[in-house]
Amino acid sequence: MKLGIDPSGASNYSYYMEPTELKVARIGNSRGIRIPARTLERYRIGATVVMEERSDGILLRPAGPASPKLSWEETAREMAAQGEDWTAWDTTLADGLQEIPWETTKPQRVAERGPKYRGGSRPKR
């Protein structure tokens, strides 16, 4: 299986980053959610999913091994194919950050005490 860019241009990578609110429905004594068909298709979810409880929420993923991800190059090509307008970012050039020296210098020590002992005062064995 080879992942790649949708040549039809129908793919929109930013669509998948938006949160979707789903309603919780009663199913017998349990509760369930309906996952949109487009999401099921994108993540190749069939009859079962794996649920992981994490500290920041619940993760649902397809059963089985993880699917391969797009490489950086493939991701960059897909982003470029979207034709997004990035000119709004040009205003950040006026913030002056490119003029700040980013090399770190050794911090100055202020009011630090030296070691409590001096070398050479211990008896040799």
# chains A, B, ... in the order shown; residues from 1 in each chain; ligands from 1
call {"tool": "residues_around", "arguments": {"residues": "region 21-34 of chain A", "least_positions_apart": "5", "cutoff": "12 Å", "atoms": "only C-alpha atoms", "output": "list in words"}}
result
Thr39, Leu40 and Leu60 of chain A
call {"tool": "write_last_selection", "arguments": {"atoms": "N, CA and C atoms", "output": "tab-separated table (two decimals), in the first residue's frame"}}
result
chain	number	residue	atom	x	y	z
A	39	THR	N	-14.64	9.93	7.79
A	39	THR	CA	-13.58	9.64	8.75
A	39	THR	C	-13.26	8.15	8.77
A	40	LEU	N	-14.29	7.32	8.74
A	40	LEU	CA	-14.08	5.87	8.70
A	40	LEU	C	-13.27	5.47	7.46
A	60	LEU	N	-9.34	6.74	19.42
A	60	LEU	CA	-9.90	5.62	18.65
A	60	LEU	C	-9.02	5.46	17.43
call {"tool": "atom_distance", "arguments": {"atom1": "CA of Arg38 (chain A)", "atom2": "CA of Lys69 (chain A)"}}
result
18.2 Å
call {"tool": "atom_distance", "arguments": {"atom1": "CA of Val50 (chain A)", "atom2": "CA of Pro68 (chain A)"}}
result
17.1 Å
call {"tool": "select_by_dssp", "arguments": {"residues": "region 71-103 of chain A", "states": "alpha helix (DSSP H)", "output": "PyMOL selection string"}}
result
chain A and resi 72-81
call {"tool": "atom_distance", "arguments": {"atom1": "CA of Tyr43 (chain A)", "atom2": "CA of Gly83 (chain A)"}}
result
24.4 Å
call {"tool": "decode", "arguments": {"residues": "region 33-60 of chain A", "atoms": "N, CA and C atoms", "output": "PDB file, in the first residue's frame"}}
result
ATOM      1  N   ILE A  33     -21.182   6.456  19.917  1.00  0.00           N
ATOM      2  CA  ILE A  33     -21.132   7.606  19.019  1.00  0.00           C
ATOM      3  C   ILE A  33     -21.179   7.104  17.582  1.00  0.00           C
ATOM      4  N   ARG A  34     -21.609   7.968  16.684  1.00  0.00           N
ATOM      5  CA  ARG A  34     -21.597   7.650  15.261  1.00  0.00           C
ATOM      6  C   ARG A  34     -20.428   8.404  14.647  1.00  0.00           C
ATOM      7  N   ILE A  35     -19.541   7.652  14.009  1.00  0.00           N
ATOM      8  CA  ILE A  35     -18.371   8.255  13.379  1.00  0.00           C
ATOM      9  C   ILE A  35     -18.714   8.526  11.913  1.00  0.00           C
ATOM     10  N   PRO A  36     -18.467   9.734  11.425  1.00  0.00           N
ATOM     11  CA  PRO A  36     -18.803  10.054  10.031  1.00  0.00           C
ATOM     12  C   PRO A  36     -18.129   9.101   9.041  1.00  0.00           C
ATOM     13  N   ALA A  37     -18.850   8.774   7.959  1.00  0.00           N
ATOM     14  CA  ALA A  37     -18.353   7.830   6.955  1.00  0.00           C
ATOM     15  C   ALA A  37     -17.028   8.293   6.357  1.00  0.00           C
ATOM     16  N   ARG A  38     -16.882   9.582   6.153  1.00  0.00           N
ATOM     17  CA  ARG A  38     -15.637  10.112   5.573  1.00  0.00           C
ATOM     18  C   ARG A  38     -14.441   9.822   6.493  1.00  0.00           C
ATOM     19  N   THR A  39     -14.640   9.927   7.788  1.00  0.00           N
ATOM     20  CA  THR A  39     -13.577   9.638   8.751  1.00  0.00           C
ATOM     21  C   THR A  39     -13.256   8.151   8.767  1.00  0.00           C
ATOM     22  N   LEU A  40     -14.293   7.317   8.738  1.00  0.00           N
ATOM     23  CA  LEU A  40     -14.083   5.867   8.696  1.00  0.00           C
ATOM     24  C   LEU A  40     -13.273   5.474   7.461  1.00  0.00           C
ATOM     25  N   GLU A  41     -13.590   6.085   6.339  1.00  0.00           N
ATOM     26  CA  GLU A  41     -12.884   5.783   5.095  1.00  0.00           C
ATOM     27  C   GLU A  41     -11.432   6.266   5.159  1.00  0.00           C
ATOM     28  N   ARG A  42     -11.225   7.481   5.642  1.00  0.00           N
ATOM     29  CA  ARG A  42      -9.867   8.049   5.689  1.00  0.00           C
ATOM     30  C   ARG A  42      -8.948   7.196   6.550  1.00  0.00           C
ATOM     31  N   TYR A  43      -9.436   6.741   7.690  1.00  0.00           N
ATOM     32  CA  TYR A  43      -8.598   5.976   8.611  1.00  0.00           C
ATOM     33  C   TYR A  43      -8.746   4.472   8.434  1.00  0.00           C
ATOM     34  N   ARG A  44      -9.450   4.069   7.394  1.00  0.00           N
ATOM     35  CA  ARG A  44      -9.632   2.653   7.058  1.00  0.00           C
ATOM     36  C   ARG A  44     -10.150   1.847   8.249  1.00  0.00           C
ATOM     37  N   ILE A  45     -11.201   2.369   8.853  1.00  0.00           N
ATOM     38  CA  ILE A  45     -11.809   1.700  10.007  1.00  0.00           C
ATOM     39  C   ILE A  45     -12.900   0.773   9.492  1.00  0.00           C
ATOM     40  N   GLY A  46     -12.786  -0.486   9.861  1.00  0.00           N
ATOM     41  CA  GLY A  46     -13.755  -1.491   9.435  1.00  0.00           C
ATOM     42  C   GLY A  46     -14.748  -1.781  10.541  1.00  0.00           C
ATOM     43  N   ALA A  47     -14.864  -3.054  10.904  1.00  0.00           N
ATOM     44  CA  ALA A  47     -15.860  -3.489  11.872  1.00  0.00           C
ATOM     45  C   ALA A  47     -15.461  -3.192  13.317  1.00  0.00           C
ATOM     46  N   THR A  48     -14.154  -3.043  13.590  1.00  0.00           N
ATOM     47  CA  THR A  48     -13.719  -2.812  14.976  1.00  0.00           C
ATOM     48  C   THR A  48     -12.705  -1.678  15.044  1.00  0.00           C
ATOM     49  N   VAL A  49     -12.633  -1.076  16.207  1.00  0.00           N
ATOM     50  CA  VAL A  49     -11.622  -0.053  16.492  1.00  0.00           C
ATOM     51  C   VAL A  49     -10.961  -0.391  17.815  1.00  0.00           C
ATOM     52  N   VAL A  50      -9.797   0.178  18.036  1.00  0.00           N
ATOM     53  CA  VAL A  50      -9.100   0.045  19.314  1.00  0.00           C
ATOM     54  C   VAL A  50      -9.282   1.367  20.050  1.00  0.00           C
ATOM     55  N   MET A  51      -9.710   1.294  21.303  1.00  0.00           N
ATOM     56  CA  MET A  51      -9.895   2.488  22.118  1.00  0.00           C
ATOM     57  C   MET A  51      -8.774   2.535  23.154  1.00  0.00           C
ATOM     58  N   GLU A  52      -8.109   3.673  23.240  1.00  0.00           N
ATOM     59  CA  GLU A  52      -7.071   3.878  24.239  1.00  0.00           C
ATOM     60  C   GLU A  52      -7.470   5.063  25.109  1.00  0.00           C
ATOM     61  N   GLU A  53      -7.494   4.836  26.413  1.00  0.00           N
ATOM     62  CA  GLU A  53      -7.763   5.933  27.339  1.00  0.00           C
ATOM     63  C   GLU A  53      -6.429   6.585  27.660  1.00  0.00           C
ATOM     64  N   ARG A  54      -6.337   7.880  27.411  1.00  0.00           N
ATOM     65  CA  ARG A  54      -5.104   8.628  27.644  1.00  0.00           C
ATOM     66  C   ARG A  54      -5.379   9.772  28.599  1.00  0.00           C
ATOM     67  N   SER A  55      -4.322  10.383  29.078  1.00  0.00           N
ATOM     68  CA  SER A  55      -4.501  11.476  30.036  1.00  0.00           C
ATOM     69  C   SER A  55      -5.201  12.677  29.408  1.00  0.00           C
ATOM     70  N   ASP A  56      -5.062  12.850  28.089  1.00  0.00           N
ATOM     71  CA  ASP A  56      -5.679  14.012  27.442  1.00  0.00           C
ATOM     72  C   ASP A  56      -6.968  13.666  26.705  1.00  0.00           C
ATOM     73  N   GLY A  57      -7.448  12.430  26.837  1.00  0.00           N
ATOM     74  CA  GLY A  57      -8.703  12.073  26.195  1.00  0.00           C
ATOM     75  C   GLY A  57      -8.719  10.634  25.742  1.00  0.00           C
ATOM     76  N   ILE A  58      -9.642  10.330  24.859  1.00  0.00           N
ATOM     77  CA  ILE A  58      -9.813   8.979  24.334  1.00  0.00           C
ATOM     78  C   ILE A  58      -9.318   8.967  22.894  1.00  0.00           C
ATOM     79  N   LEU A  59      -8.541   7.955  22.553  1.00  0.00           N
ATOM     80  CA  LEU A  59      -8.053   7.784  21.192  1.00  0.00           C
ATOM     81  C   LEU A  59      -8.729   6.570  20.588  1.00  0.00           C
ATOM     82  N   LEU A  60      -9.340   6.736  19.423  1.00  0.00           N
ATOM     83  CA  LEU A  60      -9.898   5.621  18.651  1.00  0.00           C
ATOM     84  C   LEU A  60      -9.023   5.455  17.427  1.00  0.00           C
TER      85      LEU A  60
END
